[in-house]
Amino acid sequence: MRDYTQQLTVEQFGAMVPTATRTLGSQRGPYLGYTPTGAPLPVRFDASQAPREDRASAALLIGTLGSGKTVASEAIEYAAERAGSLVVDFDPKPDHGLHKLAELGERLEVLELSGDPAQQGRLDPLAIGLKDLREELACSYLLELLPGPTGSWENAVSLAVKDTVREGSRSLLRTVELLGASDRSPAKEAAEALEVIRDFGLARLGFGDGQSPSLEVAKPVTTIRMPGLSLPEPSAARDTYTRAERVSVATLSLVAAYALALISRDRSRHKIVGLDEIWFLLASPQGRQIVNRLVRLGRAFNATLLLGTHRIADLGDLSDLIGVVFIFGQDSADAAAAALRFVGLSPTRELVGRIREFRAGRCLMRDLHGRVGEVQIDLVYPHLLQAFTTTPQSPRSDS
Ligand SMILES: Nc1ncnc2c1ncn2[C@@H]1O[C@H](COP(=O)(O)OP(=O)(O)OP(=O)(O)O)[C@@H](O)[C@H]1O
Ligand SMILES: [Mg+2]
């Protein structure tokens, strides 16, 4: 009779050790799921722990299409709201479902940002930007909107923004006016180009007259949606963007800047900012810079960022600022290997294969202590999963 004991090489045994630990997550805080291997142990995740303990406060949720990132972010946000945190959830697709929860009712507001004339200037960078970032934000927003190489316009735009701020005005329309009134030709050209763009769909949001009511977040949960977004393919090069795509990408950075202003207001209350599909934001240098700031300042402002994305490669220099990581299902061996390396594991064939099979909220979590283990995100209540599920449902259950 053959021996049924499986023989392991030293390497195989060693490769199992990083996932052999089964204690995972925060010591206290809301239940997020359980360890599916062996006897299940509960896994808690306290989103406010990282800023409280002065650790990197961005959590990354990474995974392929339909692997469970959005459902998990919403589960974390929901639990945090119940524990008293403020939640700002940016829903770019849109496919989030916090608004479907009756228990959030009056506590939730959906902000729809659109190119409607009534929304003119709601995201004007001079009005919403933090004081010391306003000028820079306005300059990069304008340059991002302008077509083609913007080198010759850079000076003119930055001078006009400076003059606007010096006047005490907080209106980008004023900046365009100043550009147009200049007797230098690059300024005039930039003004002409901006005059065409500023009334184009979502660009309206960025050009205020200094009086436009800015965005306010009044409820414990705010879902921000932008139905008019027209986003480029993740792999598209910047110079191939259409005008609508350019405007969309530039406007997204304003939403992130707005989130930054928002989290800086009240340091005493914990906040969660959920940025799903973060590669949209990282597609522009300006967006990247703002996300970088958000993540860096999050801890000091008592805020936790939930960043959802498909690929590790999108992160670039942000990767040093990530605390907790959730690796959901990956669609290729390369992506799985990159994700494993990111949490400090060797991409053995077994682990790569396992991660590629993860679906429906199964993930590998690296907690704040650096422990890594498998977790099944568990919403417990069926109505939560039903509200958050993004798989098309029959019309009856959607009502
Ligand atoms: N924890 C979970 N328990 C059970 N089912 C889940 C769980 N998480 C996700 N699912 C199922 O998987 C589907 C896809 O999840 P989700 O929308 O979160 O994926 P995603 O990673 O955000 O995808 P995409 O990249 O396309 O946005 C959900 O509609 C739901 O049916
Ligand atoms: Mg999603």
# chains A, B, ... in the order shown; residues from 1 in each chain; ligands from 1
>>> residues_around(residues="Ala56 of chain A", least_positions_apart="6", cutoff="8 Å", atoms="only C-alpha atoms", output="list in words")
Ala50, Arg296, Arg299, Leu321, Ile322 and Gly323 of chain A
>>> write_last_selection(atoms="N, CA, C and O atoms", output="PDB file, in the first residue's frame")
ATOM      1  N   ALA A  50      -6.081  52.628  11.632  1.00  0.00           N
ATOM      2  CA  ALA A  50      -4.825  53.129  11.049  1.00  0.00           C
ATOM      3  C   ALA A  50      -4.567  54.598  11.394  1.00  0.00           C
ATOM      4  O   ALA A  50      -3.502  54.931  11.925  1.00  0.00           O
ATOM      5  N   ARG A 296      -1.519  60.762   1.737  1.00  0.00           N
ATOM      6  CA  ARG A 296      -0.533  61.238   2.711  1.00  0.00           C
ATOM      7  C   ARG A 296      -1.182  61.980   3.866  1.00  0.00           C
ATOM      8  O   ARG A 296      -0.772  61.865   5.014  1.00  0.00           O
ATOM      9  N   ARG A 299      -4.108  60.273   7.167  1.00  0.00           N
ATOM     10  CA  ARG A 299      -3.818  59.890   8.543  1.00  0.00           C
ATOM     11  C   ARG A 299      -3.915  61.097   9.481  1.00  0.00           C
ATOM     12  O   ARG A 299      -4.563  61.063  10.509  1.00  0.00           O
ATOM     13  N   LEU A 321       2.420  53.922   0.362  1.00  0.00           N
ATOM     14  CA  LEU A 321       1.556  54.584   1.340  1.00  0.00           C
ATOM     15  C   LEU A 321       0.355  53.734   1.739  1.00  0.00           C
ATOM     16  O   LEU A 321      -0.562  54.193   2.387  1.00  0.00           O
ATOM     17  N   ILE A 322       0.381  52.495   1.308  1.00  0.00           N
ATOM     18  CA  ILE A 322      -0.767  51.620   1.554  1.00  0.00           C
ATOM     19  C   ILE A 322      -0.556  50.816   2.833  1.00  0.00           C
ATOM     20  O   ILE A 322       0.512  50.240   3.034  1.00  0.00           O
ATOM     21  N   GLY A 323      -1.585  50.773   3.678  1.00  0.00           N
ATOM     22  CA  GLY A 323      -1.509  49.960   4.879  1.00  0.00           C
ATOM     23  C   GLY A 323      -2.111  48.584   4.622  1.00  0.00           C
ATOM     24  O   GLY A 323      -1.439  47.647   4.212  1.00  0.00           O
TER      25      GLY A 323
END
>>> residues_near_ligand(ligand="ligand 2", cutoff="7 Å", atoms="only C-alpha atoms and all ligand atoms", output="ChimeraX atom specification")
/A:66,68-70,276-277
>>> closest_atom_pairs(of="chain A", to="ligand 1", cutoff="10 Å", atoms="only C-alpha atoms and all ligand atoms", output="Markdown table")
| residue | atom | partner | partner_atom_place_in_ligand_line | distance |
| --- | --- | --- | --- | --- |
| A:Leu32 | CA | ligand 1 | 1 (N) | 9.0 |
| A:Gly33 | CA | ligand 1 | 1 (N) | 8.0 |
| A:Leu61 | CA | ligand 1 | 21 (O) | 8.3 |
| A:Ile62 | CA | ligand 1 | 21 (O) | 7.6 |
| A:Gly63 | CA | ligand 1 | 21 (O) | 5.8 |
| A:Thr64 | CA | ligand 1 | 25 (O) | 5.5 |
| A:Leu65 | CA | ligand 1 | 25 (O) | 3.6 |
| A:Gly66 | CA | ligand 1 | 23 (O) | 3.2 |
| A:Ser67 | CA | ligand 1 | 21 (O) | 3.9 |
| A:Gly68 | CA | ligand 1 | 18 (O) | 3.1 |
| A:Lys69 | CA | ligand 1 | 21 (O) | 3.8 |
| A:Thr70 | CA | ligand 1 | 18 (O) | 3.6 |
| A:Val71 | CA | ligand 1 | 18 (O) | 3.8 |
| A:Ala72 | CA | ligand 1 | 8 (N) | 6.2 |
| A:Ser73 | CA | ligand 1 | 18 (O) | 7.8 |
| A:Glu74 | CA | ligand 1 | 18 (O) | 8.5 |
| A:Ala75 | CA | ligand 1 | 1 (N) | 8.5 |
| A:Pro92 | CA | ligand 1 | 27 (O) | 9.9 |
| A:Lys93 | CA | ligand 1 | 27 (O) | 7.9 |
| A:Pro94 | CA | ligand 1 | 27 (O) | 9.4 |
| A:Asp95 | CA | ligand 1 | 17 (O) | 7.5 |
| A:His96 | CA | ligand 1 | 17 (O) | 8.1 |
| A:Asp276 | CA | ligand 1 | 27 (O) | 7.9 |
| A:Glu277 | CA | ligand 1 | 27 (O) | 7.2 |
| A:Gly308 | CA | ligand 1 | 22 (O) | 7.7 |
| A:Thr309 | CA | ligand 1 | 25 (O) | 7.2 |
| A:His310 | CA | ligand 1 | 25 (O) | 6.5 |
| A:Phe328 | CA | ligand 1 | 21 (O) | 7.4 |
| A:Gly329 | CA | ligand 1 | 21 (O) | 8.2 |
| A:Gln330 | CA | ligand 1 | 21 (O) | 9.8 |
| A:Arg359 | CA | ligand 1 | 12 (O) | 6.7 |
| A:Ala360 | CA | ligand 1 | 10 (N) | 3.7 |
| A:Gly361 | CA | ligand 1 | 1 (N) | 3.7 |
| A:Arg362 | CA | ligand 1 | 1 (N) | 6.8 |
| A:Cys363 | CA | ligand 1 | 1 (N) | 9.3 |
| A:Val375 | CA | ligand 1 | 1 (N) | 9.6 |
| A:Gln376 | CA | ligand 1 | 1 (N) | 6.5 |
| A:Ile377 | CA | ligand 1 | 1 (N) | 4.2 |
| A:Asp378 | CA | ligand 1 | 1 (N) | 5.0 |
| A:Leu379 | CA | ligand 1 | 1 (N) | 6.1 |
| A:Val380 | CA | ligand 1 | 3 (N) | 8.9 |
| A:Pro382 | CA | ligand 1 | 4 (C) | 9.4 |
| A:Leu384 | CA | ligand 1 | 3 (N) | 9.8 |
| A:Leu385 | CA | ligand 1 | 4 (C) | 6.7 |
| A:Gln386 | CA | ligand 1 | 31 (O) | 8.0 |
| A:Ala387 | CA | ligand 1 | 29 (O) | 9.3 |
| A:Phe388 | CA | ligand 1 | 29 (O) | 6.9 |
| A:Thr389 | CA | ligand 1 | 29 (O) | 3.6 |
| A:Thr390 | CA | ligand 1 | 29 (O) | 3.6 |
| A:Thr391 | CA | ligand 1 | 29 (O) | 4.0 |
| A:Pro392 | CA | ligand 1 | 29 (O) | 7.6 |
| A:Gln393 | CA | ligand 1 | 29 (O) | 9.1 |
>>> closest_residue(among="A:Val325, A:Leu123, A:Ile128, A:Gly115", to="Leu229 of chain A", atoms="only C-alpha atoms")
A:Gly115
>>> atom_distance(atom1="atom CA of Pro347 of chain A", atom2="atom CA of Leu8 of chain A")
17.2 Å
>>> atom_distance(atom1="atom CA of Arg184 of chain A", atom2="atom CA of Ser158 of chain A")
13.6 Å
>>> select_by_dssp(residues="segment 24-150 of chain A", states="strand (DSSP E or B)", output="number ranges by chain")
A: 25, 31-34, 42-44, 58-62, 86-91, 108-112
>>> select_by_dssp(residues="segment 308-391 of chain A", states="alpha helix (DSSP H)", output="list in words")
Ala333, Asp334, Ala335, Ala336, Ala337, Ala338, Ala339, Leu340, Arg341, Phe342, Arg349, Glu350, Leu351, Val352, Gly353, Arg354, Ile355, Arg356, Glu357, Pro382, His383, Leu384, Leu385, Gln386, Ala387 and Phe388 of chain A
>>> decode(residues="segment 72-120 of chain A", atoms="N, CA and C atoms", output="PDB file, in the first residue's frame")
ATOM      1  N   ALA A  72     -17.028  44.776  -1.075  1.00  0.00           N
ATOM      2  CA  ALA A  72     -16.246  44.851   0.162  1.00  0.00           C
ATOM      3  C   ALA A  72     -16.103  46.295   0.632  1.00  0.00           C
ATOM      4  N   SER A  73     -15.846  47.239  -0.305  1.00  0.00           N
ATOM      5  CA  SER A  73     -15.697  48.644   0.122  1.00  0.00           C
ATOM      6  C   SER A  73     -16.987  49.125   0.758  1.00  0.00           C
ATOM      7  N   GLU A  74     -18.100  48.760   0.139  1.00  0.00           N
ATOM      8  CA  GLU A  74     -19.364  49.230   0.696  1.00  0.00           C
ATOM      9  C   GLU A  74     -19.643  48.593   2.052  1.00  0.00           C
ATOM     10  N   ALA A  75     -19.238  47.339   2.221  1.00  0.00           N
ATOM     11  CA  ALA A  75     -19.438  46.688   3.519  1.00  0.00           C
ATOM     12  C   ALA A  75     -18.624  47.424   4.586  1.00  0.00           C
ATOM     13  N   ILE A  76     -17.405  47.823   4.224  1.00  0.00           N
ATOM     14  CA  ILE A  76     -16.544  48.536   5.177  1.00  0.00           C
ATOM     15  C   ILE A  76     -17.145  49.912   5.490  1.00  0.00           C
ATOM     16  N   GLU A  77     -17.622  50.578   4.455  1.00  0.00           N
ATOM     17  CA  GLU A  77     -18.200  51.913   4.650  1.00  0.00           C
ATOM     18  C   GLU A  77     -19.455  51.850   5.509  1.00  0.00           C
ATOM     19  N   TYR A  78     -20.269  50.865   5.212  1.00  0.00           N
ATOM     20  CA  TYR A  78     -21.522  50.721   5.956  1.00  0.00           C
ATOM     21  C   TYR A  78     -21.222  50.492   7.436  1.00  0.00           C
ATOM     22  N   ALA A  79     -20.301  49.573   7.707  1.00  0.00           N
ATOM     23  CA  ALA A  79     -19.978  49.266   9.101  1.00  0.00           C
ATOM     24  C   ALA A  79     -19.391  50.491   9.785  1.00  0.00           C
ATOM     25  N   ALA A  80     -18.579  51.261   9.061  1.00  0.00           N
ATOM     26  CA  ALA A  80     -17.964  52.449   9.659  1.00  0.00           C
ATOM     27  C   ALA A  80     -19.020  53.504   9.961  1.00  0.00           C
ATOM     28  N   GLU A  81     -19.977  53.644   9.063  1.00  0.00           N
ATOM     29  CA  GLU A  81     -21.045  54.615   9.305  1.00  0.00           C
ATOM     30  C   GLU A  81     -21.804  54.255  10.573  1.00  0.00           C
ATOM     31  N   ARG A  82     -22.086  52.957  10.714  1.00  0.00           N
ATOM     32  CA  ARG A  82     -22.819  52.518  11.901  1.00  0.00           C
ATOM     33  C   ARG A  82     -22.030  52.824  13.173  1.00  0.00           C
ATOM     34  N   ALA A  83     -20.698  52.882  13.029  1.00  0.00           N
ATOM     35  CA  ALA A  83     -19.853  53.140  14.201  1.00  0.00           C
ATOM     36  C   ALA A  83     -19.568  54.628  14.371  1.00  0.00           C
ATOM     37  N   GLY A  84     -20.165  55.478  13.527  1.00  0.00           N
ATOM     38  CA  GLY A  84     -20.039  56.918  13.729  1.00  0.00           C
ATOM     39  C   GLY A  84     -19.121  57.654  12.776  1.00  0.00           C
ATOM     40  N   SER A  85     -18.557  56.966  11.780  1.00  0.00           N
ATOM     41  CA  SER A  85     -17.680  57.675  10.838  1.00  0.00           C
ATOM     42  C   SER A  85     -18.503  58.396   9.768  1.00  0.00           C
ATOM     43  N   LEU A  86     -17.884  59.419   9.183  1.00  0.00           N
ATOM     44  CA  LEU A  86     -18.481  60.066   8.013  1.00  0.00           C
ATOM     45  C   LEU A  86     -18.004  59.312   6.777  1.00  0.00           C
ATOM     46  N   VAL A  87     -18.881  59.136   5.814  1.00  0.00           N
ATOM     47  CA  VAL A  87     -18.501  58.390   4.616  1.00  0.00           C
ATOM     48  C   VAL A  87     -18.733  59.238   3.367  1.00  0.00           C
ATOM     49  N   VAL A  88     -17.709  59.345   2.558  1.00  0.00           N
ATOM     50  CA  VAL A  88     -17.868  59.950   1.235  1.00  0.00           C
ATOM     51  C   VAL A  88     -17.499  58.875   0.230  1.00  0.00           C
ATOM     52  N   ASP A  89     -18.465  58.482  -0.555  1.00  0.00           N
ATOM     53  CA  ASP A  89     -18.249  57.350  -1.435  1.00  0.00           C
ATOM     54  C   ASP A  89     -18.368  57.812  -2.874  1.00  0.00           C
ATOM     55  N   PHE A  90     -17.283  57.734  -3.584  1.00  0.00           N
ATOM     56  CA  PHE A  90     -17.315  58.166  -4.981  1.00  0.00           C
ATOM     57  C   PHE A  90     -17.597  56.953  -5.853  1.00  0.00           C
ATOM     58  N   ASP A  91     -18.644  57.078  -6.645  1.00  0.00           N
ATOM     59  CA  ASP A  91     -19.175  55.942  -7.397  1.00  0.00           C
ATOM     60  C   ASP A  91     -19.103  56.252  -8.900  1.00  0.00           C
ATOM     61  N   PRO A  92     -17.959  56.067  -9.510  1.00  0.00           N
ATOM     62  CA  PRO A  92     -17.796  56.542 -10.881  1.00  0.00           C
ATOM     63  C   PRO A  92     -18.563  55.740 -11.935  1.00  0.00           C
ATOM     64  N   LYS A  93     -18.919  54.490 -11.632  1.00  0.00           N
ATOM     65  CA  LYS A  93     -19.475  53.667 -12.737  1.00  0.00           C
ATOM     66  C   LYS A  93     -20.865  54.038 -13.245  1.00  0.00           C
ATOM     67  N   PRO A  94     -21.884  54.311 -12.512  1.00  0.00           N
ATOM     68  CA  PRO A  94     -22.091  54.033 -11.107  1.00  0.00           C
ATOM     69  C   PRO A  94     -22.716  52.653 -10.895  1.00  0.00           C
ATOM     70  N   ASP A  95     -22.262  51.966  -9.827  1.00  0.00           N
ATOM     71  CA  ASP A  95     -22.870  50.669  -9.515  1.00  0.00           C
ATOM     72  C   ASP A  95     -22.924  50.393  -8.014  1.00  0.00           C
ATOM     73  N   HIS A  96     -22.830  51.465  -7.230  1.00  0.00           N
ATOM     74  CA  HIS A  96     -22.869  51.247  -5.781  1.00  0.00           C
ATOM     75  C   HIS A  96     -24.312  51.216  -5.270  1.00  0.00           C
ATOM     76  N   GLY A  97     -24.499  50.681  -4.069  1.00  0.00           N
ATOM     77  CA  GLY A  97     -25.877  50.484  -3.618  1.00  0.00           C
ATOM     78  C   GLY A  97     -26.181  50.936  -2.200  1.00  0.00           C
ATOM     79  N   LEU A  98     -25.317  51.791  -1.619  1.00  0.00           N
ATOM     80  CA  LEU A  98     -25.595  52.233  -0.245  1.00  0.00           C
ATOM     81  C   LEU A  98     -26.961  52.922  -0.160  1.00  0.00           C
ATOM     82  N   HIS A  99     -27.319  53.615  -1.248  1.00  0.00           N
ATOM     83  CA  HIS A  99     -28.586  54.362  -1.236  1.00  0.00           C
ATOM     84  C   HIS A  99     -29.811  53.441  -1.211  1.00  0.00           C
ATOM     85  N   LYS A 100     -29.589  52.145  -1.467  1.00  0.00           N
ATOM     86  CA  LYS A 100     -30.743  51.235  -1.456  1.00  0.00           C
ATOM     87  C   LYS A 100     -31.075  50.759  -0.044  1.00  0.00           C
ATOM     88  N   LEU A 101     -30.249  51.133   0.918  1.00  0.00           N
ATOM     89  CA  LEU A 101     -30.464  50.630   2.276  1.00  0.00           C
ATOM     90  C   LEU A 101     -31.437  51.522   3.040  1.00  0.00           C
ATOM     91  N   ALA A 102     -32.558  50.922   3.422  1.00  0.00           N
ATOM     92  CA  ALA A 102     -33.587  51.699   4.118  1.00  0.00           C
ATOM     93  C   ALA A 102     -33.034  52.275   5.420  1.00  0.00           C
ATOM     94  N   GLU A 103     -32.150  51.540   6.089  1.00  0.00           N
ATOM     95  CA  GLU A 103     -31.674  52.021   7.393  1.00  0.00           C
ATOM     96  C   GLU A 103     -30.798  53.256   7.268  1.00  0.00           C
ATOM     97  N   LEU A 104     -30.266  53.518   6.081  1.00  0.00           N
ATOM     98  CA  LEU A 104     -29.471  54.744   5.930  1.00  0.00           C
ATOM     99  C   LEU A 104     -30.400  55.928   5.616  1.00  0.00           C
ATOM    100  N   GLY A 105     -31.488  55.642   4.947  1.00  0.00           N
ATOM    101  CA  GLY A 105     -32.545  56.633   4.659  1.00  0.00           C
ATOM    102  C   GLY A 105     -32.089  58.073   4.657  1.00  0.00           C
ATOM    103  N   GLU A 106     -32.514  58.811   5.663  1.00  0.00           N
ATOM    104  CA  GLU A 106     -32.232  60.245   5.782  1.00  0.00           C
ATOM    105  C   GLU A 106     -30.750  60.537   6.034  1.00  0.00           C
ATOM    106  N   ARG A 107     -30.009  59.499   6.363  1.00  0.00           N
ATOM    107  CA  ARG A 107     -28.591  59.723   6.692  1.00  0.00           C
ATOM    108  C   ARG A 107     -27.710  59.737   5.454  1.00  0.00           C
ATOM    109  N   LEU A 108     -28.326  59.535   4.302  1.00  0.00           N
ATOM    110  CA  LEU A 108     -27.527  59.429   3.080  1.00  0.00           C
ATOM    111  C   LEU A 108     -27.991  60.436   2.038  1.00  0.00           C
ATOM    112  N   GLU A 109     -27.019  60.958   1.316  1.00  0.00           N
ATOM    113  CA  GLU A 109     -27.362  61.874   0.228  1.00  0.00           C
ATOM    114  C   GLU A 109     -26.614  61.436  -1.020  1.00  0.00           C
ATOM    115  N   VAL A 110     -27.317  61.438  -2.148  1.00  0.00           N
ATOM    116  CA  VAL A 110     -26.645  61.142  -3.410  1.00  0.00           C
ATOM    117  C   VAL A 110     -26.433  62.468  -4.132  1.00  0.00           C
ATOM    118  N   LEU A 111     -25.187  62.794  -4.380  1.00  0.00           N
ATOM    119  CA  LEU A 111     -24.879  64.021  -5.130  1.00  0.00           C
ATOM    120  C   LEU A 111     -24.622  63.642  -6.571  1.00  0.00           C
ATOM    121  N   GLU A 112     -25.451  64.125  -7.463  1.00  0.00           N
ATOM    122  CA  GLU A 112     -25.208  63.836  -8.877  1.00  0.00           C
ATOM    123  C   GLU A 112     -24.570  65.049  -9.495  1.00  0.00           C
ATOM    124  N   LEU A 113     -23.360  64.902  -9.966  1.00  0.00           N
ATOM    125  CA  LEU A 113     -22.680  66.022 -10.597  1.00  0.00           C
ATOM    126  C   LEU A 113     -22.820  65.874 -12.098  1.00  0.00           C
ATOM    127  N   SER A 114     -23.277  66.927 -12.733  1.00  0.00           N
ATOM    128  CA  SER A 114     -23.478  66.821 -14.179  1.00  0.00           C
ATOM    129  C   SER A 114     -23.133  68.140 -14.842  1.00  0.00           C
ATOM    130  N   GLY A 115     -23.243  68.157 -16.156  1.00  0.00           N
ATOM    131  CA  GLY A 115     -22.947  69.375 -16.908  1.00  0.00           C
ATOM    132  C   GLY A 115     -24.155  70.294 -16.993  1.00  0.00           C
ATOM    133  N   ASP A 116     -25.132  70.057 -16.140  1.00  0.00           N
ATOM    134  CA  ASP A 116     -26.323  70.899 -16.139  1.00  0.00           C
ATOM    135  C   ASP A 116     -25.943  72.342 -15.773  1.00  0.00           C
ATOM    136  N   PRO A 117     -26.497  73.345 -16.488  1.00  0.00           N
ATOM    137  CA  PRO A 117     -26.124  74.732 -16.168  1.00  0.00           C
ATOM    138  C   PRO A 117     -26.357  75.086 -14.704  1.00  0.00           C
ATOM    139  N   ALA A 118     -27.333  74.440 -14.075  1.00  0.00           N
ATOM    140  CA  ALA A 118     -27.592  74.744 -12.665  1.00  0.00           C
ATOM    141  C   ALA A 118     -26.417  74.354 -11.775  1.00  0.00           C
ATOM    142  N   GLN A 119     -25.551  73.497 -12.284  1.00  0.00           N
ATOM    143  CA  GLN A 119     -24.428  73.022 -11.468  1.00  0.00           C
ATOM    144  C   GLN A 119     -23.137  73.778 -11.802  1.00  0.00           C
ATOM    145  N   GLN A 120     -23.270  74.810 -12.596  1.00  0.00           N
ATOM    146  CA  GLN A 120     -22.104  75.596 -12.997  1.00  0.00           C
ATOM    147  C   GLN A 120     -21.228  75.953 -11.785  1.00  0.00           C
TER     148      GLN A 120
END
